Amino acid sequence: MMNLLRVATRYDPTGRRDTRHCQQAGCKRATTGRKPYCTEHVALMPQVQRLQEELQRREDEWSAVLRRGARAVDPQGTTAQEILMYLKIQGSSTVRRLAKDLSMDLELLTPYVNALRRHRLVRVTQNKRGIPLVHYTGPEEGGNGAETAAAKKTRAA
């Protein structure tokens, strides 16, 4: 270990170690990765605060959806957009697979699917075994926005 220190000081001619200390008043702990705060005060960083706010918004939205159902779903919200992005990238999915891949309970996912269907952002059909299948029908599905007659019939049903 001492050899490592000698090698490090050989490349830094001043012999100083580049250590940062926590910027929280009264805290003298060293930080890792040249961050402004130690692990105990990392929650003071603006990025961490924004993330905590986003997580709290999501938690509030989920509890409202569980209480009020599809009426509480914001189609522009984080969870709805996450569902749409998943379907857009992965393609059609069963409701169970969607719930599993997004780590959501079926009880929570169902109102989202219903609300997105009402806004015509997804379409729900059944596969050969009668299991519900969710399809993305957002703005980019038809390319130039034109729908085929078969797609309009299916959507109307």
# chains A, B, ... in the order shown; residues from 1 in each chain; ligands from 1
$ closest_atom_pairs --of "stretch 108-147 of chain A" --to "stretch 82-97 of chain A" --cutoff "10 Å" --atoms "only C-alpha atoms" --output "tab-separated table"
residue	atom	partner	partner_atom	distance
A:Leu109	CA	A:Val95	CA	8.0
A:Thr110	CA	A:Val95	CA	7.9
A:Tyr112	CA	A:Ile83	CA	8.4
A:Val113	CA	A:Val95	CA	8.5
A:Leu116	CA	A:Leu84	CA	8.6
A:Leu121	CA	A:Leu84	CA	7.7
A:Val122	CA	A:Leu84	CA	7.8
A:Arg123	CA	A:Ser92	CA	9.4
A:Val124	CA	A:Thr94	CA	9.2
A:Thr125	CA	A:Thr94	CA	9.4
A:Gln126	CA	A:Thr94	CA	8.7
A:Asn127	CA	A:Thr94	CA	8.6
A:Ile131	CA	A:Thr94	CA	7.0
A:Pro132	CA	A:Thr94	CA	5.8
A:Leu133	CA	A:Thr94	CA	4.3
A:Val134	CA	A:Ser93	CA	5.4
A:His135	CA	A:Ser92	CA	4.5
A:Tyr136	CA	A:Leu87	CA	5.5
A:Thr137	CA	A:Lys88	CA	8.5
A:Gly138	CA	A:Leu84	CA	7.9
A:Glu140	CA	A:Lys88	CA	9.0
A:Glu141	CA	A:Lys88	CA	8.4
$ write_last_selection --atoms "C-alpha atoms" --output "short mmCIF file (atom, residue, chain, number, x, y, z; two decimals), in the first residue's frame"
data_model
loop_
_atom_site.label_atom_id
_atom_site.label_comp_id
_atom_site.auth_asym_id
_atom_site.auth_seq_id
_atom_site.Cartn_x
_atom_site.Cartn_y
_atom_site.Cartn_z
CA LEU A 109 -51.46 -0.60 -13.83
CA THR A 110 -55.08 -1.29 -14.83
CA TYR A 112 -53.37 3.60 -16.31
CA VAL A 113 -54.18 1.29 -19.22
CA LEU A 116 -54.55 5.70 -21.86
CA LEU A 121 -52.88 6.34 -26.80
CA VAL A 122 -53.14 2.56 -26.42
CA ARG A 123 -55.47 -0.10 -27.76
CA VAL A 124 -56.41 -3.27 -25.88
CA THR A 125 -57.17 -6.50 -27.71
CA GLN A 126 -57.05 -10.15 -26.74
CA ASN A 127 -54.56 -12.74 -27.87
CA ILE A 131 -55.50 -12.63 -22.49
CA PRO A 132 -55.60 -8.80 -22.75
CA LEU A 133 -52.89 -7.39 -24.99
CA VAL A 134 -51.94 -3.68 -24.92
CA HIS A 135 -50.79 -1.98 -28.15
CA TYR A 136 -49.20 1.46 -28.53
CA THR A 137 -51.27 3.71 -30.82
CA GLY A 138 -49.57 7.02 -30.16
CA GLU A 140 -45.87 8.00 -34.39
CA GLU A 141 -47.48 4.62 -35.08
#
$ residues_around --residues "stretch 55-58 of chain A" --least-positions-apart "6" --cutoff "12 Å" --atoms "only C-alpha atoms" --output "count of residues only"
11
$ residues_around --residues "A:Gln24" --least-positions-apart "3" --cutoff "9 Å" --atoms "only C-alpha atoms" --output "PDB file with N, CA and C atoms, in the first residue's frame"
ATOM      1  N   HIS A  21     -13.500  18.091   1.046  1.00  0.00           N
ATOM      2  CA  HIS A  21     -14.239  17.903   2.286  1.00  0.00           C
ATOM      3  C   HIS A  21     -15.654  18.410   2.103  1.00  0.00           C
ATOM      4  N   CYS A  27     -19.171  20.060   9.082  1.00  0.00           N
ATOM      5  CA  CYS A  27     -18.801  18.692   8.718  1.00  0.00           C
ATOM      6  C   CYS A  27     -17.416  18.700   8.084  1.00  0.00           C
ATOM      7  N   LYS A  28     -16.530  17.879   8.592  1.00  0.00           N
ATOM      8  CA  LYS A  28     -15.154  17.821   8.082  1.00  0.00           C
ATOM      9  C   LYS A  28     -14.847  16.501   7.370  1.00  0.00           C
ATOM     10  N   PRO A  36     -19.339  17.490  -3.744  1.00  0.00           N
ATOM     11  CA  PRO A  36     -19.326  18.564  -2.753  1.00  0.00           C
ATOM     12  C   PRO A  36     -19.764  18.147  -1.347  1.00  0.00           C
ATOM     13  N   TYR A  37     -20.476  17.023  -1.219  1.00  0.00           N
ATOM     14  CA  TYR A  37     -20.969  16.600   0.090  1.00  0.00           C
ATOM     15  C   TYR A  37     -20.562  15.170   0.384  1.00  0.00           C
ATOM     16  N   CYS A  38     -20.431  14.864   1.668  1.00  0.00           N
ATOM     17  CA  CYS A  38     -20.129  13.495   2.097  1.00  0.00           C
ATOM     18  C   CYS A  38     -21.391  12.650   1.961  1.00  0.00           C
ATOM     19  N   HIS A  41     -24.476  13.796   3.914  1.00  0.00           N
ATOM     20  CA  HIS A  41     -25.147  15.030   3.499  1.00  0.00           C
ATOM     21  C   HIS A  41     -25.428  15.078   1.996  1.00  0.00           C
ATOM     22  N   LEU A  44     -28.313  17.024   0.183  1.00  0.00           N
ATOM     23  CA  LEU A  44     -28.302  18.474  -0.021  1.00  0.00           C
ATOM     24  C   LEU A  44     -27.965  18.862  -1.457  1.00  0.00           C
TER      25      LEU A  44
END
$ select_by_dssp --residues "stretch 38-96 of chain A" --states "alpha helix (DSSP H)" --output "PyMOL selection string"
chain A and resi 46-68+78-90+95-96
$ write_last_selection --atoms "C-alpha atoms" --output "PDB file, in the first residue's frame"
ATOM      1  CA  PRO A  46     -29.639  19.789  -6.114  1.00  0.00           C
ATOM      2  CA  GLN A  47     -29.764  16.658  -8.317  1.00  0.00           C
ATOM      3  CA  VAL A  48     -30.669  14.505  -5.325  1.00  0.00           C
ATOM      4  CA  GLN A  49     -33.335  16.986  -4.210  1.00  0.00           C
ATOM      5  CA  ARG A  50     -34.904  16.975  -7.704  1.00  0.00           C
ATOM      6  CA  LEU A  51     -34.910  13.179  -7.704  1.00  0.00           C
ATOM      7  CA  GLN A  52     -36.543  13.061  -4.272  1.00  0.00           C
ATOM      8  CA  GLU A  53     -39.213  15.528  -5.444  1.00  0.00           C
ATOM      9  CA  GLU A  54     -39.906  13.405  -8.534  1.00  0.00           C
ATOM     10  CA  LEU A  55     -40.200  10.262  -6.413  1.00  0.00           C
ATOM     11  CA  GLN A  56     -42.606  12.045  -4.062  1.00  0.00           C
ATOM     12  CA  ARG A  57     -44.736  13.242  -7.019  1.00  0.00           C
ATOM     13  CA  ARG A  58     -44.849   9.674  -8.330  1.00  0.00           C
ATOM     14  CA  GLU A  59     -45.856   8.329  -4.924  1.00  0.00           C
ATOM     15  CA  ASP A  60     -48.620  10.950  -4.630  1.00  0.00           C
ATOM     16  CA  GLU A  61     -49.860  10.160  -8.145  1.00  0.00           C
ATOM     17  CA  TRP A  62     -49.906   6.425  -7.469  1.00  0.00           C
ATOM     18  CA  SER A  63     -51.893   6.811  -4.252  1.00  0.00           C
ATOM     19  CA  ALA A  64     -54.398   9.081  -6.062  1.00  0.00           C
ATOM     20  CA  VAL A  65     -54.764   6.519  -8.869  1.00  0.00           C
ATOM     21  CA  LEU A  66     -55.309   3.711  -6.368  1.00  0.00           C
ATOM     22  CA  ARG A  67     -57.960   5.830  -4.613  1.00  0.00           C
ATOM     23  CA  ARG A  68     -59.785   7.375  -7.592  1.00  0.00           C
ATOM     24  CA  THR A  78     -44.179  10.182 -15.547  1.00  0.00           C
ATOM     25  CA  THR A  79     -45.844   6.786 -15.113  1.00  0.00           C
ATOM     26  CA  ALA A  80     -48.131   7.115 -18.137  1.00  0.00           C
ATOM     27  CA  GLN A  81     -45.215   8.231 -20.297  1.00  0.00           C
ATOM     28  CA  GLU A  82     -43.139   5.320 -18.989  1.00  0.00           C
ATOM     29  CA  ILE A  83     -45.890   2.884 -20.027  1.00  0.00           C
ATOM     30  CA  LEU A  84     -46.176   4.475 -23.480  1.00  0.00           C
ATOM     31  CA  MET A  85     -42.399   4.456 -23.991  1.00  0.00           C
ATOM     32  CA  TYR A  86     -42.214   0.790 -22.979  1.00  0.00           C
ATOM     33  CA  LEU A  87     -44.936  -0.148 -25.482  1.00  0.00           C
ATOM     34  CA  LYS A  88     -43.391   2.003 -28.197  1.00  0.00           C
ATOM     35  CA  ILE A  89     -39.976   0.369 -27.786  1.00  0.00           C
ATOM     36  CA  GLN A  90     -40.897  -3.206 -26.821  1.00  0.00           C
ATOM     37  CA  VAL A  95     -51.042  -6.553 -19.085  1.00  0.00           C
ATOM     38  CA  ARG A  96     -49.272  -9.009 -16.776  1.00  0.00           C
TER      39      ARG A  96
END
$ select_by_dssp --residues "stretch 39-135 of chain A" --states "strand (DSSP E)" --output "NGL selection string"
:A and (93-94 or 122-126 or 132-135)
$ write_last_selection --atoms "N, CA, C and O atoms" --output "PDB file, in the first residue's frame"
ATOM      1  N   SER A  93     -47.816  -5.856 -25.554  1.00  0.00           N
ATOM      2  CA  SER A  93     -47.496  -6.637 -24.365  1.00  0.00           C
ATOM      3  C   SER A  93     -48.775  -7.004 -23.635  1.00  0.00           C
ATOM      4  O   SER A  93     -49.755  -6.260 -23.674  1.00  0.00           O
ATOM      5  N   THR A  94     -48.749  -8.151 -22.974  1.00  0.00           N
ATOM      6  CA  THR A  94     -49.879  -8.487 -22.114  1.00  0.00           C
ATOM      7  C   THR A  94     -49.840  -7.569 -20.898  1.00  0.00           C
ATOM      8  O   THR A  94     -48.794  -7.014 -20.556  1.00  0.00           O
ATOM      9  N   VAL A 122     -53.348   4.011 -26.334  1.00  0.00           N
ATOM     10  CA  VAL A 122     -53.140   2.564 -26.422  1.00  0.00           C
ATOM     11  C   VAL A 122     -54.448   1.920 -26.869  1.00  0.00           C
ATOM     12  O   VAL A 122     -55.510   2.523 -26.785  1.00  0.00           O
ATOM     13  N   ARG A 123     -54.320   0.709 -27.338  1.00  0.00           N
ATOM     14  CA  ARG A 123     -55.468  -0.097 -27.762  1.00  0.00           C
ATOM     15  C   ARG A 123     -55.329  -1.435 -27.062  1.00  0.00           C
ATOM     16  O   ARG A 123     -54.226  -1.968 -26.936  1.00  0.00           O
ATOM     17  N   VAL A 124     -56.436  -1.990 -26.582  1.00  0.00           N
ATOM     18  CA  VAL A 124     -56.407  -3.270 -25.877  1.00  0.00           C
ATOM     19  C   VAL A 124     -57.193  -4.287 -26.699  1.00  0.00           C
ATOM     20  O   VAL A 124     -58.337  -4.046 -27.073  1.00  0.00           O
ATOM     21  N   THR A 125     -56.533  -5.385 -27.009  1.00  0.00           N
ATOM     22  CA  THR A 125     -57.172  -6.499 -27.709  1.00  0.00           C
ATOM     23  C   THR A 125     -56.955  -7.752 -26.867  1.00  0.00           C
ATOM     24  O   THR A 125     -56.441  -7.666 -25.757  1.00  0.00           O
ATOM     25  N   GLN A 126     -57.312  -8.891 -27.422  1.00  0.00           N
ATOM     26  CA  GLN A 126     -57.050 -10.152 -26.737  1.00  0.00           C
ATOM     27  C   GLN A 126     -56.224 -11.029 -27.664  1.00  0.00           C
ATOM     28  O   GLN A 126     -56.424 -11.031 -28.885  1.00  0.00           O
ATOM     29  N   PRO A 132     -55.684 -10.177 -22.247  1.00  0.00           N
ATOM     30  CA  PRO A 132     -55.605  -8.797 -22.745  1.00  0.00           C
ATOM     31  C   PRO A 132     -54.197  -8.429 -23.215  1.00  0.00           C
ATOM     32  O   PRO A 132     -53.203  -8.727 -22.553  1.00  0.00           O
ATOM     33  N   LEU A 133     -54.140  -7.785 -24.372  1.00  0.00           N
ATOM     34  CA  LEU A 133     -52.885  -7.386 -24.991  1.00  0.00           C
ATOM     35  C   LEU A 133     -52.959  -5.883 -25.245  1.00  0.00           C
ATOM     36  O   LEU A 133     -53.919  -5.387 -25.836  1.00  0.00           O
ATOM     37  N   VAL A 134     -51.954  -5.138 -24.793  1.00  0.00           N
ATOM     38  CA  VAL A 134     -51.940  -3.677 -24.918  1.00  0.00           C
ATOM     39  C   VAL A 134     -51.029  -3.301 -26.081  1.00  0.00           C
ATOM     40  O   VAL A 134     -49.893  -3.755 -26.163  1.00  0.00           O
ATOM     41  N   HIS A 135     -51.532  -2.434 -26.970  1.00  0.00           N
ATOM     42  CA  HIS A 135     -50.789  -1.979 -28.146  1.00  0.00           C
ATOM     43  C   HIS A 135     -50.608  -0.469 -28.066  1.00  0.00           C
ATOM     44  O   HIS A 135     -51.544   0.248 -27.720  1.00  0.00           O
TER      45      HIS A 135
END
$ atom_distance --atom1 "atom CA of A:Lys100" --atom2 "atom CA of A:Arg129"
19.3 Å
$ decode --residues "stretch 24-36 of chain A" --atoms "all heavy atoms" --output "PDB file, in the first residue's frame"
ATOM      1  N   GLN A  24     -21.006  21.008   3.923  1.00  0.00           N
ATOM      2  CA  GLN A  24     -21.980  21.267   4.981  1.00  0.00           C
ATOM      3  C   GLN A  24     -21.260  21.915   6.162  1.00  0.00           C
ATOM      4  O   GLN A  24     -20.196  21.444   6.585  1.00  0.00           O
ATOM      5  CB  GLN A  24     -22.664  19.959   5.409  1.00  0.00           C
ATOM      6  CG  GLN A  24     -23.603  20.070   6.570  1.00  0.00           C
ATOM      7  CD  GLN A  24     -24.805  20.955   6.268  1.00  0.00           C
ATOM      8  OE1 GLN A  24     -25.147  21.183   5.121  1.00  0.00           O
ATOM      9  NE2 GLN A  24     -25.429  21.456   7.303  1.00  0.00           N
ATOM     10  N   ALA A  25     -21.821  22.985   6.692  1.00  0.00           N
ATOM     11  CA  ALA A  25     -21.209  23.697   7.810  1.00  0.00           C
ATOM     12  C   ALA A  25     -20.984  22.750   8.989  1.00  0.00           C
ATOM     13  O   ALA A  25     -21.893  22.044   9.405  1.00  0.00           O
ATOM     14  CB  ALA A  25     -22.094  24.860   8.238  1.00  0.00           C
ATOM     15  N   GLY A  26     -19.763  22.741   9.481  1.00  0.00           N
ATOM     16  CA  GLY A  26     -19.426  21.930  10.641  1.00  0.00           C
ATOM     17  C   GLY A  26     -19.014  20.503  10.320  1.00  0.00           C
ATOM     18  O   GLY A  26     -18.546  19.794  11.196  1.00  0.00           O
ATOM     19  N   CYS A  27     -19.171  20.060   9.082  1.00  0.00           N
ATOM     20  CA  CYS A  27     -18.801  18.692   8.718  1.00  0.00           C
ATOM     21  C   CYS A  27     -17.416  18.700   8.084  1.00  0.00           C
ATOM     22  O   CYS A  27     -17.161  19.454   7.152  1.00  0.00           O
ATOM     23  CB  CYS A  27     -19.817  18.104   7.742  1.00  0.00           C
ATOM     24  SG  CYS A  27     -19.473  16.377   7.323  1.00  0.00           S
ATOM     25  N   LYS A  28     -16.530  17.879   8.592  1.00  0.00           N
ATOM     26  CA  LYS A  28     -15.154  17.821   8.082  1.00  0.00           C
ATOM     27  C   LYS A  28     -14.847  16.501   7.370  1.00  0.00           C
ATOM     28  O   LYS A  28     -13.696  16.210   7.095  1.00  0.00           O
ATOM     29  CB  LYS A  28     -14.157  18.008   9.238  1.00  0.00           C
ATOM     30  CG  LYS A  28     -14.317  19.303   9.977  1.00  0.00           C
ATOM     31  CD  LYS A  28     -13.861  20.449   9.123  1.00  0.00           C
ATOM     32  CE  LYS A  28     -13.952  21.745   9.939  1.00  0.00           C
ATOM     33  NZ  LYS A  28     -13.947  22.905   9.086  1.00  0.00           N
ATOM     34  N   ARG A  29     -15.890  15.724   7.080  1.00  0.00           N
ATOM     35  CA  ARG A  29     -15.669  14.417   6.455  1.00  0.00           C
ATOM     36  C   ARG A  29     -15.219  14.584   5.012  1.00  0.00           C
ATOM     37  O   ARG A  29     -15.630  15.500   4.310  1.00  0.00           O
ATOM     38  CB  ARG A  29     -16.949  13.599   6.496  1.00  0.00           C
ATOM     39  CG  ARG A  29     -17.365  13.272   7.933  1.00  0.00           C
ATOM     40  CD  ARG A  29     -18.658  12.561   7.977  1.00  0.00           C
ATOM     41  NE  ARG A  29     -18.462  11.182   7.543  1.00  0.00           N
ATOM     42  CZ  ARG A  29     -19.441  10.322   7.372  1.00  0.00           C
ATOM     43  NH1 ARG A  29     -20.683  10.690   7.574  1.00  0.00           N
ATOM     44  NH2 ARG A  29     -19.192   9.103   6.992  1.00  0.00           N
ATOM     45  N   ALA A  30     -14.390  13.666   4.566  1.00  0.00           N
ATOM     46  CA  ALA A  30     -13.931  13.664   3.174  1.00  0.00           C
ATOM     47  C   ALA A  30     -15.052  13.151   2.280  1.00  0.00           C
ATOM     48  O   ALA A  30     -15.879  12.340   2.698  1.00  0.00           O
ATOM     49  CB  ALA A  30     -12.700  12.782   3.026  1.00  0.00           C
ATOM     50  N   THR A  31     -15.089  13.643   1.058  1.00  0.00           N
ATOM     51  CA  THR A  31     -16.102  13.194   0.105  1.00  0.00           C
ATOM     52  C   THR A  31     -15.488  12.179  -0.847  1.00  0.00           C
ATOM     53  O   THR A  31     -14.270  12.033  -0.917  1.00  0.00           O
ATOM     54  CB  THR A  31     -16.646  14.375  -0.710  1.00  0.00           C
ATOM     55  OG1 THR A  31     -15.614  14.910  -1.519  1.00  0.00           O
ATOM     56  CG2 THR A  31     -17.200  15.454   0.198  1.00  0.00           C
ATOM     57  N   THR A  32     -16.336  11.503  -1.589  1.00  0.00           N
ATOM     58  CA  THR A  32     -15.851  10.543  -2.573  1.00  0.00           C
ATOM     59  C   THR A  32     -16.144  11.071  -3.969  1.00  0.00           C
ATOM     60  O   THR A  32     -17.138  11.762  -4.184  1.00  0.00           O
ATOM     61  CB  THR A  32     -16.534   9.176  -2.401  1.00  0.00           C
ATOM     62  OG1 THR A  32     -17.943   9.360  -2.530  1.00  0.00           O
ATOM     63  CG2 THR A  32     -16.220   8.570  -1.048  1.00  0.00           C
ATOM     64  N   GLY A  33     -15.291  10.779  -4.892  1.00  0.00           N
ATOM     65  CA  GLY A  33     -15.512  11.148  -6.280  1.00  0.00           C
ATOM     66  C   GLY A  33     -15.550  12.652  -6.502  1.00  0.00           C
ATOM     67  O   GLY A  33     -16.236  13.118  -7.405  1.00  0.00           O
ATOM     68  N   ARG A  34     -14.849  13.400  -5.672  1.00  0.00           N
ATOM     69  CA  ARG A  34     -14.780  14.859  -5.783  1.00  0.00           C
ATOM     70  C   ARG A  34     -16.151  15.526  -5.712  1.00  0.00           C
ATOM     71  O   ARG A  34     -16.399  16.552  -6.329  1.00  0.00           O
ATOM     72  CB  ARG A  34     -14.039  15.268  -7.050  1.00  0.00           C
ATOM     73  CG  ARG A  34     -12.607  14.761  -7.088  1.00  0.00           C
ATOM     74  CD  ARG A  34     -11.822  15.212  -8.287  1.00  0.00           C
ATOM     75  NE  ARG A  34     -11.934  16.612  -8.614  1.00  0.00           N
ATOM     76  CZ  ARG A  34     -11.234  17.611  -8.057  1.00  0.00           C
ATOM     77  NH1 ARG A  34     -10.362  17.330  -7.117  1.00  0.00           N
ATOM     78  NH2 ARG A  34     -11.396  18.858  -8.437  1.00  0.00           N
ATOM     79  N   LYS A  35     -17.062  14.926  -4.970  1.00  0.00           N
ATOM     80  CA  LYS A  35     -18.400  15.494  -4.815  1.00  0.00           C
ATOM     81  C   LYS A  35     -18.381  16.551  -3.721  1.00  0.00           C
ATOM     82  O   LYS A  35     -17.519  16.534  -2.858  1.00  0.00           O
ATOM     83  CB  LYS A  35     -19.395  14.387  -4.488  1.00  0.00           C
ATOM     84  CG  LYS A  35     -19.593  13.451  -5.656  1.00  0.00           C
ATOM     85  CD  LYS A  35     -20.688  12.476  -5.389  1.00  0.00           C
ATOM     86  CE  LYS A  35     -20.958  11.595  -6.573  1.00  0.00           C
ATOM     87  NZ  LYS A  35     -19.817  10.912  -7.122  1.00  0.00           N
ATOM     88  N   PRO A  36     -19.339  17.490  -3.744  1.00  0.00           N
ATOM     89  CA  PRO A  36     -19.326  18.564  -2.753  1.00  0.00           C
ATOM     90  C   PRO A  36     -19.764  18.147  -1.347  1.00  0.00           C
ATOM     91  O   PRO A  36     -19.481  18.856  -0.394  1.00  0.00           O
ATOM     92  CB  PRO A  36     -20.288  19.601  -3.334  1.00  0.00           C
ATOM     93  CG  PRO A  36     -21.146  18.868  -4.283  1.00  0.00           C
ATOM     94  CD  PRO A  36     -20.340  17.707  -4.777  1.00  0.00           C
TER      95      PRO A  36
END
